[in-house]
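> Sending over run_22.txt (compact mmCIF, C-alpha atoms).
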# COMPACT_ATOMS: atom_id res chain seq x y z
CA MET A 82 0.00 0.00 0.00
CA ASN A 83 1.25 3.44 -0.84
CA SER A 84 -0.73 6.46 0.22
CA GLY A 85 1.57 8.69 -1.86
CA LYS A 86 2.19 10.95 1.11
CA VAL A 87 5.08 11.43 3.47
CA LYS A 88 3.76 10.49 6.88
CA ARG A 89 4.51 12.44 9.99
CA GLU A 90 6.49 10.41 12.49
CA ILE A 91 5.39 10.50 16.12
CA PRO A 92 7.83 8.46 18.21
CA GLY A 93 6.46 5.18 19.57
CA THR A 94 3.12 5.86 17.95
CA THR A 95 1.18 4.32 15.09
CA VAL A 96 -1.68 6.51 13.94
CA PHE A 97 -4.66 4.35 12.98
CA ASP A 98 -5.24 5.80 9.54
CA GLY A 99 -6.59 4.48 6.27
CA GLU A 100 -3.46 2.46 5.61
CA GLN A 101 -3.68 0.75 9.00
CA ALA A 102 -7.43 0.31 8.66
CA ARG A 103 -6.97 -1.46 5.32
CA LYS A 104 -4.14 -3.64 6.56
CA GLY A 105 -5.86 -4.54 9.83
CA TYR A 106 -9.41 -5.06 8.62
CA ALA A 107 -9.63 -8.84 9.14
CA LEU A 108 -7.90 -8.71 12.52
CA ASN A 109 -10.07 -5.86 13.77
CA LYS A 110 -13.18 -7.55 12.43
CA MET A 111 -12.33 -10.68 14.38
CA CYS A 112 -11.79 -8.59 17.52
CA PHE A 113 -15.12 -6.81 16.93
CA SER A 114 -16.78 -10.23 16.99
CA PHE A 115 -15.55 -10.66 20.57
CA ASN A 116 -18.35 -8.38 21.76
CA SER A 117 -20.29 -11.67 21.82
CA ALA A 118 -19.59 -14.18 24.63
CA GLU A 119 -20.49 -17.00 22.25
CA ASN A 120 -17.79 -15.87 19.82
CA ARG A 121 -15.21 -15.51 22.59
CA ALA A 122 -15.91 -19.10 23.61
CA GLU A 123 -15.65 -20.29 20.01
CA PHE A 124 -12.28 -18.53 19.65
CA LEU A 125 -10.98 -20.19 22.83
CA ARG A 126 -12.10 -23.62 21.60
CA ASP A 127 -9.99 -23.36 18.44
CA GLN A 128 -8.03 -20.15 17.92
CA GLU A 129 -6.50 -21.17 14.60
CA ALA A 130 -9.85 -22.10 13.09
CA TYR A 131 -11.38 -18.86 14.36
CA CYS A 132 -8.56 -16.77 12.85
CA ALA A 133 -8.95 -18.64 9.57
CA LYS A 134 -12.69 -17.98 9.55
CA PHE A 135 -11.98 -14.23 9.57
CA GLY A 136 -9.24 -14.55 6.95
CA LEU A 137 -6.36 -13.26 9.07
CA SER A 138 -3.01 -12.98 7.29
CA ALA A 139 -0.08 -15.12 8.40
CA GLN A 140 1.41 -12.05 10.11
CA GLN A 141 -1.83 -11.40 11.96
CA ARG A 142 -2.25 -15.03 12.98
CA GLU A 143 1.29 -15.10 14.35
CA ALA A 144 0.71 -11.88 16.29
CA VAL A 145 -2.49 -13.31 17.80
CA ARG A 146 -0.84 -16.65 18.57
CA SER A 147 1.97 -14.92 20.47
CA LEU A 148 -0.42 -12.34 21.97
CA ASN A 149 2.14 -9.68 21.04
CA VAL A 150 0.40 -6.31 20.96
CA LEU A 151 3.13 -4.41 19.08
CA LYS A 152 3.05 -7.07 16.37
CA MET A 153 -0.73 -6.82 16.22
CA ILE A 154 -0.45 -3.06 15.74
CA GLU A 155 2.15 -3.60 13.04
CA ALA A 156 -0.39 -5.89 11.38
CA GLY A 157 -3.04 -3.16 11.44
CA GLY A 158 -4.69 -3.82 14.79
CA ASN A 159 -6.50 -0.92 16.45
CA ALA A 160 -6.09 -0.44 20.22
CA TYR A 161 -9.82 -0.41 20.98
CA TYR A 162 -10.39 -3.66 19.09
CA LEU A 163 -7.25 -5.35 20.39
CA ALA A 164 -8.44 -4.59 23.94
CA LYS A 165 -11.35 -6.96 23.31
CA LEU A 166 -8.88 -9.73 22.44
CA GLY A 167 -6.74 -8.87 25.48
CA GLY A 168 -9.85 -9.08 27.64
CA ILE A 169 -10.34 -12.74 26.67
CA PHE A 170 -7.00 -13.50 28.29
CA GLY A 171 -7.69 -11.30 31.31
CA LEU A 172 -5.16 -8.66 30.22
CA ASP A 173 -5.95 -5.17 31.45
CA MET A 174 -4.51 -1.93 30.08
CA GLN A 175 -1.55 -2.00 32.43
CA ASP A 176 -0.66 -5.51 31.29
CA ILE A 177 -0.89 -4.36 27.68
CA GLY A 178 1.07 -1.18 28.43
CA ALA A 179 3.78 -3.10 30.26
CA GLN A 180 4.12 -5.59 27.42
CA GLN A 181 4.48 -2.86 24.78
CA THR A 182 7.03 -0.83 26.75
CA GLY A 183 9.08 -3.82 27.91
CA MET A 184 8.44 -3.07 31.57
CA SER A 185 7.05 -5.15 34.39
CA LYS A 186 3.47 -4.28 35.28
CA ASP A 187 4.63 -2.66 38.52
CA GLU A 188 7.19 -0.55 36.66
CA PHE A 189 4.54 0.54 34.18
CA LYS A 190 2.13 1.50 36.96
CA ALA A 191 4.90 3.41 38.74
CA LYS A 192 5.58 5.30 35.51
CA LEU A 193 1.91 6.36 35.38
CA VAL A 194 1.96 7.53 38.99
CA GLU A 195 5.16 9.44 38.29
CA ALA A 196 3.46 11.26 35.39
CA GLY A 197 1.10 12.76 37.97
CA ARG A 198 3.93 14.16 40.06
CA LYS A 199 5.63 16.12 37.27
CA MET B 203 -37.79 27.50 24.11
CA ALA B 204 -35.37 25.01 25.57
CA SER B 205 -32.35 26.21 27.48
CA ILE B 206 -28.86 24.90 28.13
CA VAL B 207 -28.01 24.71 31.82
CA GLY B 208 -24.31 24.05 31.24
CA ALA B 209 -21.83 21.41 30.20
CA VAL B 210 -19.93 18.68 31.99
CA ASN B 211 -16.83 17.05 30.57
CA VAL B 212 -15.72 13.80 32.10
CA THR B 213 -13.30 10.94 31.52
CA HIS B 214 -14.79 7.57 30.50
CA VAL B 215 -12.11 4.95 31.34
CA PRO B 216 -13.80 1.49 31.19
CA TYR B 217 -12.39 0.34 34.52
CA ILE B 218 -14.44 3.02 36.27
CA GLY B 219 -17.35 0.64 35.54
CA ARG B 220 -15.66 -2.13 37.46
CA ALA B 221 -14.78 0.21 40.34
CA ILE B 222 -18.44 1.27 40.59
CA ALA B 223 -19.64 -2.36 40.46
CA ASN B 224 -17.16 -3.32 43.20
CA LYS B 225 -17.96 -0.18 45.25
CA LEU B 226 -14.36 0.99 45.31
CA GLN B 227 -15.21 4.72 45.45
CA GLN B 228 -13.41 5.14 48.78
CA ASP B 229 -10.51 2.84 47.93
CA PRO B 230 -7.25 4.88 48.07
CA TYR B 231 -6.59 4.36 44.33
CA TRP B 232 -10.06 5.55 43.29
CA LYS B 233 -10.91 8.11 45.97
CA PRO B 234 -9.14 11.13 44.38
CA PHE B 235 -11.15 10.45 41.22
CA PHE B 236 -14.60 9.83 42.75
CA ASP B 237 -14.21 12.70 45.22
CA GLY B 238 -14.39 15.11 42.30
CA PHE B 239 -18.04 14.35 41.62
CA PRO B 240 -20.20 15.46 44.59
CA PRO B 241 -19.96 19.21 43.81
CA VAL B 242 -20.95 18.52 40.18
CA ARG B 243 -23.85 16.30 41.28
CA ASP B 244 -25.05 19.07 43.61
CA TRP B 245 -24.87 21.58 40.77
CA LEU B 246 -26.80 19.19 38.50
CA ALA B 247 -29.45 18.70 41.18
CA LYS B 248 -29.98 22.48 41.26
CA ALA B 249 -29.79 22.91 37.49
CA SER B 250 -32.24 19.99 37.12
CA PRO B 251 -31.77 19.17 33.43
CA ASP B 252 -34.44 17.11 31.67
CA VAL B 253 -32.22 15.97 28.82
CA ALA B 254 -28.52 15.27 28.30
CA VAL B 255 -26.85 15.56 24.90
CA VAL B 256 -23.89 13.21 25.30
CA ILE B 257 -20.94 13.82 22.97
CA TYR B 258 -18.64 10.80 22.97
CA ASN B 259 -16.79 8.34 20.77
CA ASP B 260 -17.77 4.74 20.14
CA HIS B 261 -15.07 2.12 20.72
CA GLY B 262 -16.27 -0.67 18.46
CA LEU B 263 -19.67 -1.46 19.94
CA ASN B 264 -22.23 0.34 17.75
CA PHE B 265 -19.90 1.05 14.85
CA PHE B 266 -17.34 -1.21 13.27
CA LEU B 267 -14.76 -0.06 10.72
CA ASP B 268 -17.02 -1.26 7.90
CA LYS B 269 -18.93 2.00 8.37
CA GLN B 270 -17.24 4.70 10.40
CA PRO B 271 -19.16 7.96 10.45
CA THR B 272 -17.37 11.18 11.35
CA PHE B 273 -20.43 12.49 13.18
CA ALA B 274 -23.47 10.42 14.14
CA VAL B 275 -26.58 11.38 16.09
CA GLY B 276 -28.84 8.92 17.89
CA ALA B 277 -32.56 9.16 17.18
CA ALA B 278 -33.89 6.20 19.12
CA PRO B 279 -36.49 6.00 21.89
CA GLU B 280 -34.06 3.95 23.95
CA TYR B 281 -30.33 3.19 23.98
CA ARG B 282 -29.03 -0.08 25.29
CA ASN B 283 -25.60 -0.78 26.69
CA ALA B 284 -24.14 -4.14 25.65
CA ASP B 285 -21.23 -6.53 26.17
CA GLU B 286 -18.01 -4.87 25.00
CA GLY B 287 -15.97 -8.03 25.42
CA TRP B 288 -13.87 -7.24 28.46
CA GLY B 289 -16.13 -8.01 31.38
CA ILE B 290 -17.37 -4.57 32.44
CA PRO B 291 -20.91 -4.96 33.87
CA THR B 292 -23.66 -3.95 31.45
CA LEU B 293 -25.85 -1.07 32.63
CA PRO B 294 -29.64 -0.72 32.19
CA PRO B 295 -31.05 1.06 29.10
CA TYR B 296 -31.23 4.85 28.75
CA ARG B 297 -34.31 6.77 27.62
CA GLY B 298 -33.93 8.70 24.40
CA ASP B 299 -35.60 11.92 23.31
CA PRO B 300 -36.48 11.43 19.64
CA ASP B 301 -38.06 14.91 19.44
CA LEU B 302 -34.80 16.60 20.38
CA SER B 303 -32.83 14.11 18.26
CA TRP B 304 -34.75 15.01 15.12
CA HIS B 305 -34.68 18.69 15.91
CA LEU B 306 -30.90 18.44 16.29
CA ILE B 307 -30.61 16.48 13.06
CA GLU B 308 -32.73 19.01 11.12
CA SER B 309 -30.80 21.90 12.55
CA LEU B 310 -27.29 20.44 12.17
CA VAL B 311 -27.87 19.25 8.61
CA GLY B 312 -29.31 22.72 7.90
CA GLU B 313 -25.98 24.10 9.10
CA GLU B 314 -24.13 21.79 6.67
CA PHE B 315 -23.11 19.05 9.08
CA ASP B 316 -23.69 15.90 7.05
CA LEU B 317 -24.62 13.42 9.76
CA VAL B 318 -25.33 9.77 10.09
CA THR B 319 -28.64 9.26 11.91
CA CYS B 320 -29.24 6.19 14.05
CA GLN B 321 -32.72 4.98 14.93
CA GLU B 322 -31.13 1.99 16.57
CA MET B 323 -27.93 2.42 18.52
CA VAL B 324 -26.13 0.60 21.29
CA VAL B 325 -24.05 2.78 23.59
CA ASP B 326 -20.72 1.83 25.11
CA HIS B 327 -18.83 2.81 28.28
CA ALA B 328 -18.04 6.24 26.85
CA PHE B 329 -21.76 7.06 27.02
CA THR B 330 -22.85 5.06 30.07
CA LEU B 331 -20.07 5.68 32.60
CA PRO B 332 -20.25 9.49 32.61
CA LEU B 333 -24.02 9.26 33.24
CA GLU B 334 -23.41 6.70 35.96
CA LEU B 335 -20.81 9.00 37.56
CA LEU B 336 -23.06 12.05 37.41
CA TRP B 337 -26.25 10.27 38.55
CA PRO B 338 -25.00 7.28 40.54
CA ASP B 339 -27.35 4.37 41.14
CA ARG B 340 -30.22 6.13 39.39
CA HIS B 341 -31.84 3.56 37.15
CA PRO B 342 -33.37 4.61 34.92
CA CYS B 343 -31.13 7.63 34.54
CA PRO B 344 -33.17 10.74 35.51
CA VAL B 345 -32.47 12.52 32.21
CA ARG B 346 -33.54 11.63 28.69
CA THR B 347 -30.55 11.33 26.37
CA VAL B 348 -29.35 12.12 22.86
CA PRO B 349 -26.05 10.49 21.85
CA VAL B 350 -23.75 12.43 19.52
CA CYS B 351 -20.83 10.33 18.36
CA ILE B 352 -17.58 11.80 17.01
CA ASN B 353 -15.05 9.57 15.25
CA THR B 354 -11.85 9.58 17.28
CA VAL B 355 -10.94 6.05 16.23
CA GLN B 356 -10.02 5.97 12.55
CA HIS B 357 -8.05 8.82 11.03
CA PRO B 358 -8.69 11.22 9.42
CA LEU B 359 -10.57 12.62 12.41
CA PRO B 360 -12.56 15.84 12.21
CA THR B 361 -10.41 18.85 13.10
CA ALA B 362 -10.62 20.56 16.46
CA ALA B 363 -12.14 23.62 14.79
CA ARG B 364 -14.81 21.46 13.14
CA CYS B 365 -15.70 19.79 16.44
CA PHE B 366 -15.99 23.17 18.14
CA LYS B 367 -18.30 24.35 15.36
CA LEU B 368 -20.38 21.17 15.73
CA GLY B 369 -20.76 22.04 19.39
CA GLN B 370 -21.82 25.59 18.57
CA ALA B 371 -24.38 24.24 16.11
CA ILE B 372 -25.70 21.90 18.81
CA GLY B 373 -25.98 24.88 21.15
CA ARG B 374 -27.96 26.87 18.56
CA ALA B 375 -30.17 23.87 17.85
CA VAL B 376 -31.05 23.38 21.50
CA GLU B 377 -31.78 27.06 21.99
CA SER B 378 -34.15 27.03 19.02
CA TRP B 379 -35.97 23.91 20.19
CA ASP B 380 -39.58 24.77 20.89
CA ALA B 381 -39.88 22.74 24.08
CA ASP B 382 -40.00 23.50 27.75
CA ALA B 383 -36.83 21.58 28.51
CA ARG B 384 -33.57 22.10 30.30
CA VAL B 385 -30.59 20.54 28.56
CA VAL B 386 -27.13 19.65 29.82
CA VAL B 387 -24.35 18.88 27.35
CA ILE B 388 -21.88 16.19 28.34
CA GLY B 389 -18.52 15.62 26.63
CA THR B 390 -16.69 12.42 27.49
CA GLY B 391 -13.22 10.89 27.30
CA GLY B 392 -9.65 12.09 27.72
CA LEU B 393 -7.62 13.63 29.02
CA SER B 394 -4.11 12.69 27.87
CA HIS B 395 -3.51 8.97 27.43
CA GLN B 396 -2.05 6.51 24.98
CA LEU B 397 -2.93 2.83 25.08
CA ASP B 398 -0.93 1.59 22.11
CA GLY B 399 2.64 1.46 20.88
CA GLN B 400 6.03 1.86 22.51
CA ARG B 401 4.80 5.19 23.87
CA ALA B 402 1.94 3.48 25.78
CA GLY B 403 1.39 5.17 29.13
CA PHE B 404 2.17 8.61 27.74
CA ILE B 405 0.55 11.38 29.79
CA ASN B 406 1.00 15.16 29.43
CA LYS B 407 -0.06 16.87 32.62
CA LYS B 408 1.20 20.28 31.54
CA PHE B 409 -0.90 20.25 28.38
CA ASP B 410 -3.98 18.92 30.15
CA LEU B 411 -3.89 21.61 32.82
CA LEU B 412 -3.52 24.29 30.18
CA PHE B 413 -6.38 22.77 28.18
CA LEU B 414 -8.63 22.77 31.26
CA GLU B 415 -7.90 26.44 31.78
CA LYS B 416 -8.20 27.45 28.12
CA LEU B 417 -11.43 25.56 27.60
CA ILE B 418 -13.16 28.02 29.91
CA ALA B 419 -11.93 31.36 28.60
CA ASP B 420 -10.33 30.70 25.22
CA PRO B 421 -11.60 27.43 23.73
CA LEU B 422 -10.35 28.30 20.26
CA TRP B 423 -6.79 28.06 21.62
CA VAL B 424 -6.76 24.31 21.01
CA THR B 425 -7.84 24.72 17.37
CA ARG B 426 -4.30 25.92 16.54
CA TYR B 427 -3.26 22.27 16.76
CA SER B 428 -3.74 19.76 13.97
CA ILE B 429 -5.07 16.33 14.87
CA LEU B 430 -1.58 14.88 14.59
CA ASP B 431 -0.26 17.66 16.83
CA LEU B 432 -2.90 16.63 19.35
CA VAL B 433 -1.93 12.97 19.04
CA GLU B 434 1.67 13.93 19.75
CA LEU B 435 0.71 16.24 22.64
CA THR B 436 -2.01 14.15 24.31
CA GLY B 437 -1.58 10.57 23.07
CA THR B 438 -3.42 8.45 20.54
CA GLN B 439 -6.53 8.37 22.74
CA GLY B 440 -5.98 11.81 24.27
CA VAL B 441 -7.58 13.16 21.09
CA GLU B 442 -10.89 12.36 22.76
CA LEU B 443 -10.58 15.94 23.98
CA LEU B 444 -12.47 16.69 20.75
CA ASN B 445 -15.63 15.60 22.60
CA TRP B 446 -14.84 18.08 25.37
CA LEU B 447 -14.28 20.83 22.86
CA ALA B 448 -17.60 20.15 21.15
CA ALA B 449 -19.42 20.22 24.50
CA ARG B 450 -17.76 23.55 25.30
CA GLY B 451 -18.81 24.88 21.90
CA ALA B 452 -22.45 24.24 22.78
CA LEU B 453 -22.24 26.93 25.48
CA LEU B 454 -22.54 29.86 23.16
CA GLY B 455 -21.55 32.77 25.36
CA GLU B 456 -18.91 33.26 28.02
CA VAL B 457 -18.72 30.60 30.68
CA GLN B 458 -17.43 30.07 34.16
CA LYS B 459 -16.10 27.00 35.88
CA VAL B 460 -18.50 25.27 38.25
CA HIS B 461 -16.03 22.63 39.39
CA ALA B 462 -12.97 20.81 38.06
CA ASN B 463 -10.95 17.79 39.09
CA TYR B 464 -7.81 16.29 37.56
CA HIS B 465 -6.09 13.15 38.75
CA ILE B 466 -3.34 10.89 37.40
CA PRO B 467 -3.62 7.98 36.88
CA ILE B 468 -6.88 6.15 36.43
CA SER B 469 -5.85 3.05 34.53
CA ASN B 470 -3.50 4.51 31.87
CA THR B 471 -5.28 7.84 31.76
CA ALA B 472 -5.06 11.35 33.14
CA SER B 473 -8.63 11.65 34.39
CA GLY B 474 -10.48 14.93 34.11
CA LEU B 475 -13.76 16.46 35.16
CA LEU B 476 -14.92 19.96 34.26
CA ALA B 477 -18.39 21.42 34.79
CA MET B 478 -19.13 24.82 33.21
CA GLU B 479 -22.10 27.16 32.99
CA GLY B 480 -22.91 30.29 31.07
CA ILE B 481 -22.28 33.62 32.78
Give the structure from this file in structure tokens form.

Amino acid sequence: MNSGKVKREIPGTTVFDGEQARKGYALNKMCFSFNSAENRAEFLRDQEAYCAKFGLSAQQREAVRSLNVLKMIEAGGNAYYLAKLGGIFGLDMQDIGAQQTGMSKDEFKAKLVEAGRK
Amino acid sequence: MASIVGAVNVTHVPYIGRAIANKLQQDPYWKPFFDGFPPVRDWLAKASPDVAVVIYNDHGLNFFLDKQPTFAVGAAPEYRNADEGWGIPTLPPYRGDPDLSWHLIESLVGEEFDLVTCQEMVVDHAFTLPLELLWPDRHPCPVRTVPVCINTVQHPLPTAARCFKLGQAIGRAVESWDADARVVVIGTGGLSHQLDGQRAGFINKKFDLLFLEKLIADPLWVTRYSILDLVELTGTQGVELLNWLAARGALLGEVQKVHANYHIPISNTASGLLAMEGI
């Protein structure tokens, strides 16, 4: 995909734009389906089959398999949709934040508290 | 004619729903957040609005990326909350106000806002939690509601200036509504936070505090920033401040602060609360 534009770089940040939305459509659509408890259960019964049903790319399937949020974003995942997938595995936003920043959960929480002191 | 009693802007972090369900309001982590609300509830009790226009963003409950409207207005007799997938308790339905919805739609389209109209609409935590915080344990919620949804999910997002103008148009629409009704405008989300990427956990207290101040006296200040500027300054989800800006726009004259609260962190978010009224 080539949007024909030079994109502005914001460090550590992927803006969910048209390019990401196109790339991530199948992954985000699968995550959208997790609004239903029945679908969450079906995913847990057979993750590979469920990913295949939504037509996830190999890159997306690998990112889901490893539950690696940065890889999911690279594959077009949107934070709000990925949170629904994280929820299936009991991951909250501090777990997801810690994973993406390479910190322990306690370190990540301390960083947030510190932001309030500045 | 209807009148606007004021506006309340408030954070909508999903985990607030769990804290309410588990009655953690006085827990040391949550107390600085929940303690911000009593003065605003007292003000609301005196202002006694009949209807709330709630300006928020959907997070993949009512809208999926197959159809992502920039601006959408609810026009349903009732709005249901539903399972969002992460185990936050579902709240009881909210009453709509289809008369005000259609008046808003007529008026906003007349002012060249090309809306999506929704006669069926489920509402997520960004709509329900602010109402739950402002009117706790009141089921059904004592105000009728009109949801106004701004896309803050998939770029390009509407500019800050456009969102402010939407708010102004909402204000004019309410004031021209031939009904004996008192209306409060609620903007939800923010303040600075970023959930995704290596910069997850980004918070910008300095910017937030300035924004809280400017929103009262000089709301156009924030329109100097592009959406990508705002992403850089406030985080990928901090751009939800667009909802706050629209709510401020609906107060057409000068305003004063009723009450404000700001606390870091709630989950990954700098939480904010700001109630305003016309002078």
> Using only C-alpha atoms, can you tell me which of B:Arg384, B:Lys233, B:Arg243, B:Lys225 comes closest to B:Leu335?
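Result for the nearest residue to B:Leu335: B:Arg243.
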> Determine, counting only C-alpha atoms, which protein, DNA and RNA residues have an atom within 8 Å of an atom of stretch 207-222 of chain B; residues of the same chain fewer than 3 positions away are not included. Present the result as a PyMOL selection string.
chain B and resi 225-227+232+249+251+290-291+327-329+331-332+384-393+446+449-450+452-453+468-469+471+473-480
> Can you work out which residues from chain B touch chain A at a cut-off of 6 Å (counting only C-alpha atoms) and hand them back as a VMD selection string?
chain B and resid 261 285 to 288 356 to 357 398 to 402 466 to 467
> With C-alpha atoms kept, could you save the residues just selected as a compact mmCIF listing (two decimals), in the frame of the given file?

# COMPACT_ATOMS: atom_id res chain seq x y z
CA HIS B 261 -15.07 2.12 20.72
CA ASP B 285 -21.23 -6.53 26.17
CA GLU B 286 -18.01 -4.87 25.00
CA GLY B 287 -15.97 -8.03 25.42
CA TRP B 288 -13.87 -7.24 28.46
CA GLN B 356 -10.02 5.97 12.55
CA HIS B 357 -8.05 8.82 11.03
CA ASP B 398 -0.93 1.59 22.11
CA GLY B 399 2.64 1.46 20.88
CA GLN B 400 6.03 1.86 22.51
CA ARG B 401 4.80 5.19 23.87
CA ALA B 402 1.94 3.48 25.78
CA ILE B 466 -3.34 10.89 37.40
CA PRO B 467 -3.62 7.98 36.88
> Any idea what the distance is between atom CA of B:Phe404 and atom CA of B:Ile429?
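These two atoms are separated by 16.7 Å.
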> Stretch 234-241 of chain B, all listed atoms, 8 Å padding on each side: what axis-aligned box centre and edge lengths in Å to one decimal come out, as AutoDock Vina command-line options?

--center_x -14.7 --center_y 14.5 --center_z 43.2 --size_x 27.1 --size_y 25.4 --size_z 20.0
> At most 12 Å from (-1.4, -15.5, 12.1), file frame, only C-alpha atoms: which residues, as a list in words?
Ala107, Leu108, Gln128, Glu129, Ala130, Tyr131, Cys132, Ala133, Lys134, Phe135, Gly136, Leu137, Ser138, Ala139, Gln140, Gln141, Arg142, Glu143, Ala144, Val145, Arg146, Ser147, Leu148, Asn149, Lys152, Met153 and Ala156 of chain A
> Those selected residues, please, written with C-alpha atoms and delivered as a PDB file, keeping the file's coordinate frame.

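Final output, saved to result-v7.pdb:
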ATOM      1  CA  ALA A 107      -9.630  -8.840   9.140  1.00  0.00           C
ATOM      2  CA  LEU A 108      -7.900  -8.710  12.520  1.00  0.00           C
ATOM      3  CA  GLN A 128      -8.030 -20.150  17.920  1.00  0.00           C
ATOM      4  CA  GLU A 129      -6.500 -21.170  14.600  1.00  0.00           C
ATOM      5  CA  ALA A 130      -9.850 -22.100  13.090  1.00  0.00           C
ATOM      6  CA  TYR A 131     -11.380 -18.860  14.360  1.00  0.00           C
ATOM      7  CA  CYS A 132      -8.560 -16.770  12.850  1.00  0.00           C
ATOM      8  CA  ALA A 133      -8.950 -18.640   9.570  1.00  0.00           C
ATOM      9  CA  LYS A 134     -12.690 -17.980   9.550  1.00  0.00           C
ATOM     10  CA  PHE A 135     -11.980 -14.230   9.570  1.00  0.00           C
ATOM     11  CA  GLY A 136      -9.240 -14.550   6.950  1.00  0.00           C
ATOM     12  CA  LEU A 137      -6.360 -13.260   9.070  1.00  0.00           C
ATOM     13  CA  SER A 138      -3.010 -12.980   7.290  1.00  0.00           C
ATOM     14  CA  ALA A 139      -0.080 -15.120   8.400  1.00  0.00           C
ATOM     15  CA  GLN A 140       1.410 -12.050  10.110  1.00  0.00           C
ATOM     16  CA  GLN A 141      -1.830 -11.400  11.960  1.00  0.00           C
ATOM     17  CA  ARG A 142      -2.250 -15.030  12.980  1.00  0.00           C
ATOM     18  CA  GLU A 143       1.290 -15.100  14.350  1.00  0.00           C
ATOM     19  CA  ALA A 144       0.710 -11.880  16.290  1.00  0.00           C
ATOM     20  CA  VAL A 145      -2.490 -13.310  17.800  1.00  0.00           C
ATOM     21  CA  ARG A 146      -0.840 -16.650  18.570  1.00  0.00           C
ATOM     22  CA  SER A 147       1.970 -14.920  20.470  1.00  0.00           C
ATOM     23  CA  LEU A 148      -0.420 -12.340  21.970  1.00  0.00           C
ATOM     24  CA  ASN A 149       2.140  -9.680  21.040  1.00  0.00           C
ATOM     25  CA  LYS A 152       3.050  -7.070  16.370  1.00  0.00           C
ATOM     26  CA  MET A 153      -0.730  -6.820  16.220  1.00  0.00           C
ATOM     27  CA  ALA A 156      -0.390  -5.890  11.380  1.00  0.00           C
TER      28      ALA A 156
END
> Can you work out which one of A:Lys186, A:Asp176, A:Met111, A:Gly105 has the shortest atom-to-atom distance to A:Phe124, counting all atoms listed in the file?
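Result for the nearest residue to A:Phe124: A:Met111.
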> Can you work out the spacing between atom CA of B:Ile257 and atom CA of B:Cys351 in Å, to one decimal?
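Distance reported for this atom pair: 5.8 Å.
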> Residues at most 7 Å from B:Ile418, counting only C-alpha atoms, excluding those fewer than 2 positions away in the same chain, as a list of chain:residue names?
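Those residues are B:Glu415, B:Lys416, B:Asp420, B:Pro421, B:Val457, B:Gln458, B:Lys459.
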> Quick one: write out the picked residues with C-alpha atoms as a short mmCIF file (atom, residue, chain, number, x, y, z; two decimals), keeping the file's coordinate frame?

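Written out: part-v2.cif:
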data_model
loop_
_atom_site.label_atom_id
_atom_site.label_comp_id
_atom_site.auth_asym_id
_atom_site.auth_seq_id
_atom_site.Cartn_x
_atom_site.Cartn_y
_atom_site.Cartn_z
CA GLU B 415 -7.90 26.44 31.78
CA LYS B 416 -8.20 27.45 28.12
CA ASP B 420 -10.33 30.70 25.22
CA PRO B 421 -11.60 27.43 23.73
CA VAL B 457 -18.72 30.60 30.68
CA GLN B 458 -17.43 30.07 34.16
CA LYS B 459 -16.10 27.00 35.88
#
> Excluding B:Pro279 and its own-chain neighbours fewer than 5 positions away, which residues fall within 10 Å of it when counting all atoms listed in the file? Please give them as number ranges by chain.
B: 296-301, 303, 321-323, 346-348
> Which residue gives the smallest distance to A:Lys104 among B:Val460, B:Glu442, B:Leu267, B:Pro230, with all atoms listed in the file counted?
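Comparing B:Val460, B:Glu442, B:Leu267, B:Pro230 against A:Lys104, the winner is B:Leu267.
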> Using Å and a single decimal, report how far atom CA of A:Val87 sits from atom CA of B:Glu434.
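Going from atom CA of B:Glu434 over to atom CA of A:Val87, I get 16.8 Å.
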> Write out as a tab-separated table (two decimals) with C-alpha atoms, in the coordinates of the input the residues lying within 12 Å of B:Pro344, counting only C-alpha atoms and excluding same-chain residues fewer than 3 positions away.

chain	number	residue	atom	x	y	z
B	246	LEU	CA	-26.80	19.19	38.50
B	247	ALA	CA	-29.45	18.70	41.18
B	250	SER	CA	-32.24	19.99	37.12
B	251	PRO	CA	-31.77	19.17	33.43
B	252	ASP	CA	-34.44	17.11	31.67
B	253	VAL	CA	-32.22	15.97	28.82
B	254	ALA	CA	-28.52	15.27	28.30
B	295	PRO	CA	-31.05	1.06	29.10
B	296	TYR	CA	-31.23	4.85	28.75
B	297	ARG	CA	-34.31	6.77	27.62
B	298	GLY	CA	-33.93	8.70	24.40
B	333	LEU	CA	-24.02	9.26	33.24
B	334	GLU	CA	-23.41	6.70	35.96
B	336	LEU	CA	-23.06	12.05	37.41
B	337	TRP	CA	-26.25	10.27	38.55
B	338	PRO	CA	-25.00	7.28	40.54
B	339	ASP	CA	-27.35	4.37	41.14
B	340	ARG	CA	-30.22	6.13	39.39
B	341	HIS	CA	-31.84	3.56	37.15
B	347	THR	CA	-30.55	11.33	26.37
> Report as a list in words all protein, DNA and RNA residues lying within 7 Å of B:Met203, evaluated on all atoms listed in the file, omitting residues in the same chain fewer than 3 positions from it.
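Selected residues are Glu377, Ser378, Trp379, Asp380, Ala381 and Asp382 of chain B.
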> Emit the selected residues as a PDB file, in the coordinates of the input, including C-alpha atoms.

ATOM      1  CA  GLU B 377     -31.780  27.060  21.990  1.00  0.00           C
ATOM      2  CA  SER B 378     -34.150  27.030  19.020  1.00  0.00           C
ATOM      3  CA  TRP B 379     -35.970  23.910  20.190  1.00  0.00           C
ATOM      4  CA  ASP B 380     -39.580  24.770  20.890  1.00  0.00           C
ATOM      5  CA  ALA B 381     -39.880  22.740  24.080  1.00  0.00           C
ATOM      6  CA  ASP B 382     -40.000  23.500  27.750  1.00  0.00           C
TER       7      ASP B 382
END
